[in-house]
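Notes to accompany the following structure.
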There are 2 protein chains.
Amino acid sequence: MALKNIKTIAFDADDTLWENEILFRNAEKNYCSVLSEFQSKEKILSSLLLTELGNMEIYGYGIKAFVLSMIENAFIISDKKITASQTSLIIDIGKKMLKNKVILMDGVKETLSALYGQFNLILATKGDLLDQERKLKESGLLNFFSHVEIMTEKHEENFKRLLNDTETHADNFLMVGNSVKSDILPVLNLGGHAAYIPYKNTWALEYSDSSKIENDRFFQLKNMREIPTLFSGSGKQNKRYTRNVK
Amino acid sequence: MALKNIKTIAFDADDTLWENEILFRNAEKNYCSVLSEFQSKEKILSSLLLTELGNMEIYGYGIKAFVLSMIENAFIISDKKITASQTSLIIDIGKKMLKNKVILMDGVKETLSALYGQFNLILATKGDLLDQERKLKESGLLNFFSHVEIMTEKHEENFKRLLNDTETHADNFLMVGNSVKSDILPVLNLGGHAAYIPYKNTWALEYSDSSKIENDRFFQLKNMREIPTLFSGSGKQNKRYTRNVK
């Protein structure tokens with residue numbers, strides 16, 4: 001069965017349109033090297049995750065929040081024995097991340113080109129305002145989107161406001177993203193459609209199981225290139241995606 | 001002469017609706033105490049300003065950016081002799097700022113109440129997304145605003161998009177704020193109206209002279225309470241604000 005009423009498609013950005021998590025994983029590797037004299041990689045990273053979680057309410061998402069948590073965690077891990085020179089390397093890791101070249105995910109440009117004109121395309125992401133704007137400009141994708149929404153959280157109420165601001169009915173709305181927790185569940189709860197494209201690395205704080213979702217407005221795809229098949233409804237193309245209905 | 005065609009009034013937030021700069025000034029005092037063994041207050045702060053300026057492009061505005069610059073500057077000032085315990089105090093200064101109680105400026109609630117219903121009120125601010133949202137919720141002012149825009153910069157193009165998104169003609173738009181550079185000049189350039197309410201402390205990177213503005217869409221007020229007088233046009237009330245026309 002093909003999706004018939006979709007007018008607006010919203011895309012998550014990080015790890016849906018462009019690589020992001022890999023940047024954090026690489027930064028963590030370098031961070032562990034800086035702290036290698038104090039602790040094992042495993043202990044450094046499990047403690048970092050706790051520090052990030054503890055700071056989430058006041059720091060939120062994004063690279064600056066991550067760097068501040070890395071520094072704080074370095075004091076914990078080193079029992080405040082880390083030198084200023086070492087801490088300064090952590091600042092450098094963050095600055096390098098903020099200047100990182102944007103790498104698009106496979107099939108993004110082709111897919112957006114194919115959908116553009118047929119659908120109203122919008123970008124709906126969380127994270128740091130400045131960094132997301134920078135990446136969007138650098139990505140060359142800006143002109144595909146009629147609306148860009150950078151939110152502090154992707155909760156139901158945030159999507160509700162987005163639908164309201166863009167005068168979109170949930171019935172006509174499809175969200176595409178790589179986080180079950182942030183992109184899929186809140187949109188399904190509002191009566192919208194959601195296409196989940198799993199990413200190879202998902203941050204522990206974003207991970208949520210998709211196997212239990214039973215909803216005929218939920219679709220699981222392997223790749224951005226499969227999005228147009230959602231609308232074609234031909235049997236052959238239909239097999240290219242898994243519609244998660246028992 | 002009274003302002004006749006205004007339909008939408010946009011308000012800057014920091015130091016227009018609530019105190020902000022004082023928070024940074026107090027943080028700087030504590031920061032200088034942490035670094036007092038290395039340098040004089042004057043040298044620490046002039047170097048901090050340069051560090052902030054150098055980081056502006058990648059860090060942007062807001063408290064997290066400020067904390068990262070404070071840490072980086074502490075390494076410069078101390079020639080990397082600062083201890084982790086001392087650096088940890090800088091992190092604490094930032095966390096305290098992010099939990100700070102919102103203090104409304106004089107007359108804000110009364111003025112917004114008086115304008116509400118007569119005008120479409122919107123909030124247009126820059127800074128950190130999460131921190132501005134937190135302050136807005138805490139301020140109790142959220143319900144006055146039909147639209148909230150948190151931007152990375154207040155350049156002409158950003159205001160142009162805001163007018164577009166809110167379907168507002170520049171002729172019908174009044175911006176109220178404490179920064180000539182960010183709130184006044186870009187709006188005047190777009191053909192909108194602007195009311196400047198100077199704040200006692202203006203950050204060096206925001207300072208711009210208002211005395212040379214010659215534009216009959218520009219108004220300088222002493223206090224938020226004077227905004228309604230812009231629309232009344234009675235001679236007596238008219239005297240309460242300075243219309244900056246030679």
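To be explicit about the labels: the chains of the structure tokens are called A, B, and onward in the order shown, and within each one the residues are counted from 1, while ligands get numbers from 1 in the order they are shown.
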
Would you kindly report the residues of chain B within 8 Å of chain A, using only C-alpha atoms, as a PyMOL selection string?
-> chain B and resi 58-60+64-65+68+72+75+80-85+88+91+95+98-99+128-131+151-152

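When DSSP reads the backbone of this structure, the residues of stretch 39-142 of chain B it assigns to strand (DSSP E) are Asn120, Leu121, Ile122, Leu123, Ala124, Thr125 and Lys126 of chain B.
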
Nearby residues (only C-alpha atoms) at most 10 Å from A:Tyr199, same-chain spacing under 5 positions excluded, as a ChimeraX atom specification | /A:15-16,19,21,177-179,222-223

Go ahead and dump the residues you just picked, N, CA, C and O atoms, as a PDB file, in the first residue's frame.
ATOM      1  N   ASP A  15      23.123  12.413  11.342  1.00  0.00           N
ATOM      2  CA  ASP A  15      23.066  10.967  11.052  1.00  0.00           C
ATOM      3  C   ASP A  15      21.847  10.550  10.244  1.00  0.00           C
ATOM      4  O   ASP A  15      21.573   9.349  10.096  1.00  0.00           O
ATOM      5  N   THR A  16      21.097  11.532   9.735  1.00  0.00           N
ATOM      6  CA  THR A  16      20.046  11.249   8.755  1.00  0.00           C
ATOM      7  C   THR A  16      20.459  11.904   7.433  1.00  0.00           C
ATOM      8  O   THR A  16      20.502  11.255   6.398  1.00  0.00           O
ATOM      9  N   GLU A  19      26.705  12.804   8.371  1.00  0.00           N
ATOM     10  CA  GLU A  19      27.403  12.074   9.430  1.00  0.00           C
ATOM     11  C   GLU A  19      27.585  12.976  10.652  1.00  0.00           C
ATOM     12  O   GLU A  19      27.950  14.147  10.524  1.00  0.00           O
ATOM     13  N   GLU A  21      27.574  11.237  14.423  1.00  0.00           N
ATOM     14  CA  GLU A  21      27.994  10.427  15.569  1.00  0.00           C
ATOM     15  C   GLU A  21      29.466  10.026  15.472  1.00  0.00           C
ATOM     16  O   GLU A  21      30.181   9.995  16.470  1.00  0.00           O
ATOM     17  N   GLY A 177      13.908   9.984  10.181  1.00  0.00           N
ATOM     18  CA  GLY A 177      15.028  10.178  11.093  1.00  0.00           C
ATOM     19  C   GLY A 177      15.624   8.879  11.589  1.00  0.00           C
ATOM     20  O   GLY A 177      15.090   7.800  11.341  1.00  0.00           O
ATOM     21  N   ASN A 178      16.731   8.995  12.320  1.00  0.00           N
ATOM     22  CA  ASN A 178      17.456   7.809  12.776  1.00  0.00           C
ATOM     23  C   ASN A 178      17.285   7.534  14.267  1.00  0.00           C
ATOM     24  O   ASN A 178      17.922   6.634  14.805  1.00  0.00           O
ATOM     25  N   SER A 179      16.440   8.332  14.933  1.00  0.00           N
ATOM     26  CA  SER A 179      16.250   8.088  16.364  1.00  0.00           C
ATOM     27  C   SER A 179      14.791   7.735  16.658  1.00  0.00           C
ATOM     28  O   SER A 179      13.886   8.558  16.468  1.00  0.00           O
ATOM     29  N   LYS A 222      16.098   1.145   4.878  1.00  0.00           N
ATOM     30  CA  LYS A 222      17.543   0.896   5.030  1.00  0.00           C
ATOM     31  C   LYS A 222      18.360   2.129   4.683  1.00  0.00           C
ATOM     32  O   LYS A 222      19.491   2.293   5.134  1.00  0.00           O
ATOM     33  N   ASN A 223      17.773   2.989   3.844  1.00  0.00           N
ATOM     34  CA  ASN A 223      18.559   4.046   3.235  1.00  0.00           C
ATOM     35  C   ASN A 223      17.617   5.158   2.767  1.00  0.00           C
ATOM     36  O   ASN A 223      16.461   4.889   2.430  1.00  0.00           O
TER      37      ASN A 223
END

Run DSSP on the backbone and grab whatever in stretch 139-182 of chain A lands in alpha helix (DSSP H); send it over as a PyMOL selection string.
-> chain A and resi 139+156-165

Please, could you write that set of residues out with N, CA and C atoms as a tab-separated table (two decimals), in the first residue's frame?
chain	number	residue	atom	x	y	z
A	139	SER	N	26.39	22.16	3.90
A	139	SER	CA	25.91	20.92	3.26
A	139	SER	C	25.44	21.13	1.82
A	156	GLU	N	6.92	15.52	22.00
A	156	GLU	CA	5.64	15.65	21.31
A	156	GLU	C	5.22	17.12	21.17
A	157	GLU	N	5.36	17.88	22.27
A	157	GLU	CA	4.92	19.28	22.25
A	157	GLU	C	5.70	20.11	21.23
A	158	ASN	N	6.98	19.74	21.01
A	158	ASN	CA	7.78	20.49	20.03
A	158	ASN	C	7.30	20.21	18.61
A	159	PHE	N	6.97	18.92	18.34
A	159	PHE	CA	6.43	18.58	17.03
A	159	PHE	C	5.05	19.19	16.81
A	160	LYS	N	4.29	19.27	17.87
A	160	LYS	CA	2.95	19.86	17.81
A	160	LYS	C	3.07	21.32	17.36
A	161	ARG	N	4.02	22.01	17.96
A	161	ARG	CA	4.23	23.42	17.61
A	161	ARG	C	4.72	23.55	16.17
A	162	LEU	N	5.59	22.61	15.77
A	162	LEU	CA	6.11	22.63	14.39
A	162	LEU	C	4.96	22.45	13.39
A	163	LEU	N	4.08	21.50	13.65
A	163	LEU	CA	2.92	21.26	12.76
A	163	LEU	C	2.06	22.52	12.71
A	164	ASN	N	1.86	23.11	13.86
A	164	ASN	CA	1.06	24.32	13.96
A	164	ASN	C	1.69	25.48	13.17
A	165	ASP	N	2.97	25.72	13.41
A	165	ASP	CA	3.69	26.82	12.75
A	165	ASP	C	3.72	26.65	11.23

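Between atom CA of B:Val176 and atom CA of B:Lys135 lies a distance of 18.3 Å.
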
To one decimal place, how far is atom CA of A:Leu17 from atom CA of A:Val108 in Å?
->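 Computing the Euclidean distance for atom CA of A:Leu17 and atom CA of A:Val108 yields 6.1 Å.
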
Residues near B:Tyr116, cut-off 10 Å, only C-alpha atoms, skip fewer than 3 positions along chain, as a list in words |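 Skipping anything fewer than 3 positions along the chain leaves Ile9, Glu110, Thr111, Leu112, Ser113, Phe119, Asn120, Leu121, Asn143, Phe144 and Phe145 of chain B.
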
Counting only C-alpha atoms, the residue of A:Ser182, A:Ser36, A:Thr168, A:Thr8 that sits nearest A:Ile122 |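 For A:Ile122, the nearest of the candidates is A:Thr8.
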
Identify, on the basis of only C-alpha atoms, every residue whose closest approach to B:Pro228 does not exceed 8 Å; exclude the query and any residue fewer than 3 positions from it along the same chain; express the result as a PyMOL selection string.
-> chain B and resi 111+114-115+225+231-232

Quick one: residues within 9 Å of B:Val187, only C-alpha atoms counted, chain neighbours fewer than 2 positions away excluded, as a list in words?
->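 Residues near the query, excluding close chain neighbours: His155, Glu156, Phe159, Lys160, Ala170, Phe173, Leu174, Met175, Ser182, Asp183, Ile184, Leu185, Asn189, Leu190, Gly191, Gly192, His193 and Ala194 of chain B.
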